[in-house]
$ cat my_file-v8.pdb   # PDB, C-alpha atoms
ATOM      1  CA  MET A   7      -1.226  -0.650   4.232
ATOM      2  CA  LEU A   8       0.085   1.863   6.737
ATOM      3  CA  GLY A   9      -0.902   0.070   9.927
ATOM      4  CA  VAL A  10       1.491  -0.382  12.831
ATOM      5  CA  GLU A  11       3.144  -3.548  11.519
ATOM      6  CA  GLU A  12       3.416  -2.193   7.990
ATOM      7  CA  ARG A  13       4.923   1.087   9.179
ATOM      8  CA  THR A  14       7.468  -0.799  11.275
ATOM      9  CA  THR A  15       8.515  -2.909   8.292
ATOM     10  CA  LEU A  16       8.642   0.097   5.970
ATOM     11  CA  THR A  17      10.700   2.119   8.435
ATOM     12  CA  GLU A  18      13.173  -0.737   8.865
ATOM     13  CA  ARG A  19      13.528  -1.301   5.119
ATOM     14  CA  LEU A  20      14.052   2.372   4.349
ATOM     15  CA  THR A  21      16.471   2.847   7.251
ATOM     16  CA  ASN A  22      18.549  -0.230   6.392
ATOM     17  CA  GLY A  23      18.774   0.635   2.703
ATOM     18  CA  SER A  24      18.801  -1.649  -0.305
ATOM     19  CA  PRO A  25      20.666  -4.982  -0.487
ATOM     20  CA  ALA A  26      22.918  -3.398  -3.110
ATOM     21  CA  GLY A  27      24.003  -0.808  -0.548
ATOM     22  CA  GLY A  28      22.875   2.769  -0.014
ATOM     23  CA  ASP A  29      19.369   4.199  -0.128
ATOM     24  CA  TRP A  30      16.608   2.713  -2.210
ATOM     25  CA  ASP A  31      16.261   4.644  -5.469
ATOM     26  CA  LEU A  32      12.489   4.580  -5.474
ATOM     27  CA  LEU A  33       9.405   3.138  -3.845
ATOM     28  CA  LEU A  34       6.302   2.349  -5.883
ATOM     29  CA  PHE A  35       3.233   2.619  -3.685
ATOM     30  CA  SER A  36      -0.309   1.653  -4.676
ATOM     31  CA  GLY A  37      -2.845   2.162  -1.941
ATOM     32  CA  GLY A  38      -6.040   3.806  -0.789
ATOM     33  CA  GLY A  39      -8.452   2.225  -3.224
ATOM     34  CA  ASN A  40      -9.658  -0.362  -0.746
ATOM     35  CA  ASP A  41     -10.437   2.428   1.707
ATOM     36  CA  ILE A  42     -13.118   3.895  -0.561
ATOM     37  CA  VAL A  43     -14.797   0.765  -1.981
ATOM     38  CA  ASP A  44     -16.641  -2.306  -0.693
ATOM     39  CA  ASN A  45     -19.090  -1.899   2.228
ATOM     40  CA  PRO A  46     -18.028   1.630   3.291
ATOM     41  CA  MET A  47     -18.834   2.889  -0.199
ATOM     42  CA  ALA A  48     -22.553   2.777   0.656
ATOM     43  CA  LEU A  49     -21.883   5.687   3.020
ATOM     44  CA  TRP A  50     -20.791   8.086   0.276
ATOM     45  CA  VAL A  51     -22.988   7.105  -2.654
ATOM     46  CA  LYS A  52     -26.490   8.571  -2.665
ATOM     47  CA  ASP A  53     -29.670   6.974  -3.988
ATOM     48  CA  TRP A  54     -30.102   7.091  -7.759
ATOM     49  CA  ASN A  55     -31.770  10.237  -9.058
ATOM     50  CA  PRO A  56     -32.126  10.426 -12.846
ATOM     51  CA  THR A  57     -32.338  14.230 -12.738
ATOM     52  CA  GLN A  58     -28.892  14.596 -11.135
ATOM     53  CA  PRO A  59     -25.391  14.360 -12.691
ATOM     54  CA  PRO A  60     -22.875  11.753 -11.455
ATOM     55  CA  ALA A  61     -21.108  14.200  -9.106
ATOM     56  CA  ALA A  62     -24.371  14.898  -7.283
ATOM     57  CA  HIS A  63     -24.635  11.200  -6.391
ATOM     58  CA  VAL A  64     -21.540  11.459  -4.185
ATOM     59  CA  ASN A  65     -22.190  12.472  -0.586
ATOM     60  CA  GLN A  66     -19.346  14.948  -0.737
ATOM     61  CA  PRO A  67     -18.832  15.675   2.984
ATOM     62  CA  ARG A  68     -18.603  11.970   3.763
ATOM     63  CA  PHE A  69     -16.414  11.150   0.782
ATOM     64  CA  ALA A  70     -14.134  14.085   1.565
ATOM     65  CA  ALA A  71     -13.705  12.693   5.087
ATOM     66  CA  ALA A  72     -12.741   9.286   3.643
ATOM     67  CA  LEU A  73     -10.279  10.907   1.246
ATOM     68  CA  ALA A  74      -8.812  12.901   4.125
ATOM     69  CA  LEU A  75      -7.983   9.658   5.937
ATOM     70  CA  VAL A  76      -6.371   8.236   2.805
ATOM     71  CA  ARG A  77      -4.415  11.461   2.360
ATOM     72  CA  ALA A  78      -3.210  11.216   5.968
ATOM     73  CA  GLY A  79      -1.770   7.797   5.178
ATOM     74  CA  TYR A  80       0.092   9.156   2.169
ATOM     75  CA  GLU A  81       1.348  12.122   4.186
ATOM     76  CA  ASP A  82       2.694   9.733   6.812
ATOM     77  CA  LEU A  83       4.370   7.647   4.119
ATOM     78  CA  ILE A  84       6.094  10.763   2.791
ATOM     79  CA  ALA A  85       7.145  11.716   6.329
ATOM     80  CA  ILE A  86       8.597   8.237   6.941
ATOM     81  CA  ARG A  87      10.523   8.509   3.689
ATOM     82  CA  ASP A  88      11.779  12.002   4.584
ATOM     83  CA  LYS A  89      13.027  10.766   7.952
ATOM     84  CA  CYS A  90      14.515   7.403   7.009
ATOM     85  CA  SER A  91      15.595   7.688   3.380
ATOM     86  CA  PRO A  92      15.199  11.237   2.076
ATOM     87  CA  ASP A  93      16.727  10.551  -1.334
ATOM     88  CA  THR A  94      14.256   7.776  -2.167
ATOM     89  CA  HIS A  95      11.763   8.794  -4.851
ATOM     90  CA  LEU A  96       8.096   7.910  -4.255
ATOM     91  CA  ILE A  97       5.806   7.021  -7.148
ATOM     92  CA  PHE A  98       2.012   6.889  -6.742
ATOM     93  CA  HIS A  99      -0.914   6.362  -9.125
ATOM     94  CA  GLY A 100      -4.663   6.951  -9.128
ATOM     95  CA  TYR A 101      -5.902   3.647 -10.612
ATOM     96  CA  ASP A 102      -8.196   3.662 -13.641
ATOM     97  CA  PHE A 103     -11.948   3.946 -14.065
ATOM     98  CA  ALA A 104     -13.217   0.628 -12.728
ATOM     99  CA  ILE A 105     -16.446  -0.897 -14.007
ATOM    100  CA  PRO A 106     -18.976  -1.944 -11.310
ATOM    101  CA  ASP A 107     -20.161  -5.080 -13.098
ATOM    102  CA  GLY A 108     -20.215  -7.409 -10.081
ATOM    103  CA  ARG A 109     -17.200  -9.577 -10.905
ATOM    104  CA  GLY A 110     -15.023 -10.666  -7.991
ATOM    105  CA  ILE A 111     -12.188 -13.173  -7.788
ATOM    106  CA  CYS A 112     -11.470 -16.206  -5.572
ATOM    107  CA  LYS A 113     -14.492 -15.496  -3.343
ATOM    108  CA  PHE A 114     -13.394 -11.853  -2.885
ATOM    109  CA  GLY A 115     -15.645  -9.075  -4.138
ATOM    110  CA  PRO A 116     -17.586  -7.709  -5.747
ATOM    111  CA  TRP A 117     -16.532  -4.388  -4.258
ATOM    112  CA  LEU A 118     -18.558  -1.861  -6.266
ATOM    113  CA  LYS A 119     -21.816  -3.228  -7.669
ATOM    114  CA  PRO A 120     -23.459  -4.032  -4.302
ATOM    115  CA  THR A 121     -23.514  -0.345  -3.379
ATOM    116  CA  PHE A 122     -25.047   0.652  -6.700
ATOM    117  CA  GLY A 123     -27.627  -2.114  -6.349
ATOM    118  CA  LEU A 124     -28.480  -0.887  -2.864
ATOM    119  CA  ARG A 125     -28.779   2.664  -4.172
ATOM    120  CA  ASN A 126     -31.017   1.594  -7.092
ATOM    121  CA  PHE A 127     -28.709   2.560  -9.954
ATOM    122  CA  PRO A 128     -30.346   1.266 -13.145
ATOM    123  CA  THR A 129     -27.246   0.434 -15.232
ATOM    124  CA  ILE A 130     -23.579  -0.403 -14.965
ATOM    125  CA  ALA A 131     -22.796   2.805 -16.870
ATOM    126  CA  SER A 132     -24.626   4.982 -14.343
ATOM    127  CA  GLY A 133     -22.571   3.464 -11.524
ATOM    128  CA  GLN A 134     -19.344   3.722 -13.491
ATOM    129  CA  ALA A 135     -19.882   7.453 -13.937
ATOM    130  CA  VAL A 136     -19.961   7.865 -10.143
ATOM    131  CA  VAL A 137     -16.893   5.637  -9.725
ATOM    132  CA  SER A 138     -15.083   7.860 -12.227
ATOM    133  CA  GLU A 139     -16.066  10.964 -10.269
ATOM    134  CA  MET A 140     -14.705   9.519  -7.023
ATOM    135  CA  LEU A 141     -11.487   8.300  -8.639
ATOM    136  CA  GLY A 142     -10.980  11.709 -10.234
ATOM    137  CA  GLN A 143     -11.065  13.228  -6.762
ATOM    138  CA  PHE A 144      -8.692  10.532  -5.528
ATOM    139  CA  GLU A 145      -6.147  11.363  -8.236
ATOM    140  CA  ALA A 146      -6.501  15.099  -7.571
ATOM    141  CA  MET A 147      -5.701  14.407  -3.907
ATOM    142  CA  LEU A 148      -2.567  12.513  -4.922
ATOM    143  CA  GLU A 149      -1.538  15.269  -7.331
ATOM    144  CA  SER A 150      -1.742  17.751  -4.463
ATOM    145  CA  LEU A 151       1.002  15.725  -2.744
ATOM    146  CA  SER A 152       3.358  15.899  -5.731
ATOM    147  CA  GLY A 153       6.645  17.606  -5.041
ATOM    148  CA  PRO A 154      10.321  16.892  -4.572
ATOM    149  CA  ARG A 155      10.825  13.149  -5.025
ATOM    150  CA  VAL A 156       7.066  12.497  -5.124
ATOM    151  CA  THR A 157       5.598  11.664  -8.543
ATOM    152  CA  VAL A 158       2.090  10.636  -9.560
ATOM    153  CA  VAL A 159       1.869   8.504 -12.695
ATOM    154  CA  ARG A 160      -1.381   9.313 -14.487
ATOM    155  CA  THR A 161      -3.163   6.032 -15.116
ATOM    156  CA  GLN A 162      -6.779   7.156 -15.364
ATOM    157  CA  GLY A 163      -8.288   6.775 -18.809
ATOM    158  CA  VAL A 164      -5.556   4.420 -20.019
ATOM    159  CA  LEU A 165      -7.750   1.337 -20.346
ATOM    160  CA  ALA A 166     -10.491   1.141 -22.941
ATOM    161  CA  PRO A 167     -13.796   1.679 -21.066
ATOM    162  CA  GLN A 168     -15.065  -1.854 -21.611
ATOM    163  CA  VAL A 169     -15.496  -4.944 -19.461
ATOM    164  CA  SER A 170     -12.806  -6.890 -21.370
ATOM    165  CA  SER A 171     -10.179  -4.418 -20.093
ATOM    166  CA  TRP A 172     -10.733  -5.740 -16.586
ATOM    167  CA  HIS A 173     -10.184  -9.122 -14.956
ATOM    168  CA  ASN A 174     -12.714  -8.171 -12.266
ATOM    169  CA  GLU A 175     -14.131  -4.996 -10.749
ATOM    170  CA  LEU A 176     -10.818  -3.762  -9.359
ATOM    171  CA  HIS A 177      -8.035  -5.463 -11.307
ATOM    172  CA  PRO A 178      -7.157  -4.935 -14.976
ATOM    173  CA  ALA A 179      -6.736  -7.784 -17.415
ATOM    174  CA  LYS A 180      -3.178  -8.837 -18.295
ATOM    175  CA  ALA A 181      -2.981  -6.441 -21.247
ATOM    176  CA  GLY A 182      -4.056  -3.585 -18.999
ATOM    177  CA  PHE A 183      -1.376  -4.360 -16.430
ATOM    178  CA  GLU A 184       1.146  -4.356 -19.281
ATOM    179  CA  GLN A 185      -0.042  -0.903 -20.354
ATOM    180  CA  PHE A 186       0.423   0.376 -16.818
ATOM    181  CA  ALA A 187       3.857  -1.266 -16.578
ATOM    182  CA  ASP A 188       4.880   0.614 -19.707
ATOM    183  CA  LEU A 189       3.761   3.909 -18.163
ATOM    184  CA  PHE A 190       5.743   3.232 -14.993
ATOM    185  CA  HIS A 191       8.788   2.216 -17.029
ATOM    186  CA  GLN A 192       8.634   5.452 -19.016
ATOM    187  CA  LYS A 193       8.381   7.536 -15.853
ATOM    188  CA  ILE A 194      11.199   5.681 -14.077
ATOM    189  CA  LYS A 195      13.401   6.040 -17.157
ATOM    190  CA  GLN A 196      12.650   9.763 -17.152
ATOM    191  CA  LEU A 197      13.655   9.985 -13.478
ATOM    192  CA  PHE A 198      16.769   7.823 -13.877
ATOM    193  CA  PRO A 199      17.820   8.254 -17.533
ATOM    194  CA  ALA A 200      21.366   7.007 -17.023
ATOM    195  CA  ARG A 201      20.288   3.866 -15.223
ATOM    196  CA  VAL A 202      17.131   2.575 -16.929
ATOM    197  CA  ALA A 203      17.205   1.123 -20.439
TER     198      ALA A 203
END
$ encode --input "my_file-v8.pdb" --output "structure tokens"
Amino acid sequence: MLGVEERTTLTERLTNGSPAGGDWDLLLFSGGGNDIVDNPMALWVKDWNPTQPPAAHVNQPRFAAALALVRAGYEDLIAIRDKCSPDTHLIFHGYDFAIPDGRGICKFGPWLKPTFGLRNFPTIASGQAVVSEMLGQFEAMLESLSGPRVTVVRTQGVLAPQVSSWHNELHPAKAGFEQFADLFHQKIKQLFPARVA
């Protein structure tokens, strides 16, 4: 999402301002999840060991390297904002605890279960515990970027931890998206109380 073409478009949009005139008030950015799932995920999940806790199943040096690349993208996004539209507020989020149950959509996916199958995890729950560990680290990375005009909306743990909360492995069901929309609305209203109903 921060490749050459995307950066060019983002830079132009921020530099030119909003159609209403002036700087954009805020930019909602959701990214990084695809960088830590699907085929690369097999690199940072270890083989199942029933004697070890979920955190021990993450190859931490490798996963930290992946997170560092994602962080670099976010840092560049902040730098582009600072240069082109410094008054624009950035809002990020850390997803929610996805369930690796093997459901994809429209011939895309699954993105999680294949790794846990490869690594001999015995249950969906055992894989979900590792997903939760990795996403917790992802959110902590985002939180470390919080600062002036950079806000992280906490979305982890919002959805009930059940398959019906999700449309597939990565995307919430309609009700879940509505819950997240409410959280974003509350945060935006807090940031712009005179302008958001």
$ closest_residue --input "my_file-v8.pdb" --among "A:Val51, A:Ile86, A:Leu20, A:Ala203" --to "A:Arg125" --atoms "all atoms listed in the file"
A:Val51
$ resolve_selection --input "my_file-v8.pdb" --expression "the PyMOL selection byres ((chain A and resi 165-168) around 8)" --output "PDB file with C-alpha atoms, keeping the file's coordinate frame"
ATOM      1  CA  ASP A 102      -8.196   3.662 -13.641  1.00  0.00           C
ATOM      2  CA  PHE A 103     -11.948   3.946 -14.065  1.00  0.00           C
ATOM      3  CA  ILE A 105     -16.446  -0.897 -14.007  1.00  0.00           C
ATOM      4  CA  GLN A 162      -6.779   7.156 -15.364  1.00  0.00           C
ATOM      5  CA  GLY A 163      -8.288   6.775 -18.809  1.00  0.00           C
ATOM      6  CA  VAL A 164      -5.556   4.420 -20.019  1.00  0.00           C
ATOM      7  CA  VAL A 169     -15.496  -4.944 -19.461  1.00  0.00           C
ATOM      8  CA  SER A 170     -12.806  -6.890 -21.370  1.00  0.00           C
ATOM      9  CA  SER A 171     -10.179  -4.418 -20.093  1.00  0.00           C
ATOM     10  CA  TRP A 172     -10.733  -5.740 -16.586  1.00  0.00           C
ATOM     11  CA  GLY A 182      -4.056  -3.585 -18.999  1.00  0.00           C
TER      12      GLY A 182
END
$ closest_atom_pairs --input "my_file-v8.pdb" --of "stretch 73-166 of chain A" --to "stretch 26-36 of chain A" --cutoff "8 Å" --atoms "only C-alpha atoms" --output "Markdown table"
| residue | atom | partner | partner_atom | distance |
| --- | --- | --- | --- | --- |
| A:Ser91 | CA | A:Asp29 | CA | 6.2 |
| A:Asp93 | CA | A:Asp29 | CA | 7.0 |
| A:Thr94 | CA | A:Leu32 | CA | 4.9 |
| A:His95 | CA | A:Leu32 | CA | 4.3 |
| A:Leu96 | CA | A:Leu33 | CA | 5.0 |
| A:Ile97 | CA | A:Leu34 | CA | 4.9 |
| A:Phe98 | CA | A:Phe35 | CA | 5.4 |
| A:His99 | CA | A:Ser36 | CA | 6.5 |
$ closest_residue --input "my_file-v8.pdb" --among "A:Thr157, A:Asn55, A:Asn174, A:Asn65" --to "A:Phe114" --atoms "all atoms listed in the file"
A:Asn174
$ closest_residue --input "my_file-v8.pdb" --among "A:Val156, A:Phe144, A:Phe198, A:Cys112" --to "A:Ala71" --atoms "all atoms listed in the file"
A:Phe144
$ resolve_selection --input "my_file-v8.pdb" --expression "the PyMOL selection byres ((chain A and resi 17) around 9)" --output "JSON, numbers by chain"
{"A": [12, 13, 14, 15, 16, 18, 19, 20, 21, 22, 86, 87, 89, 90, 91]}
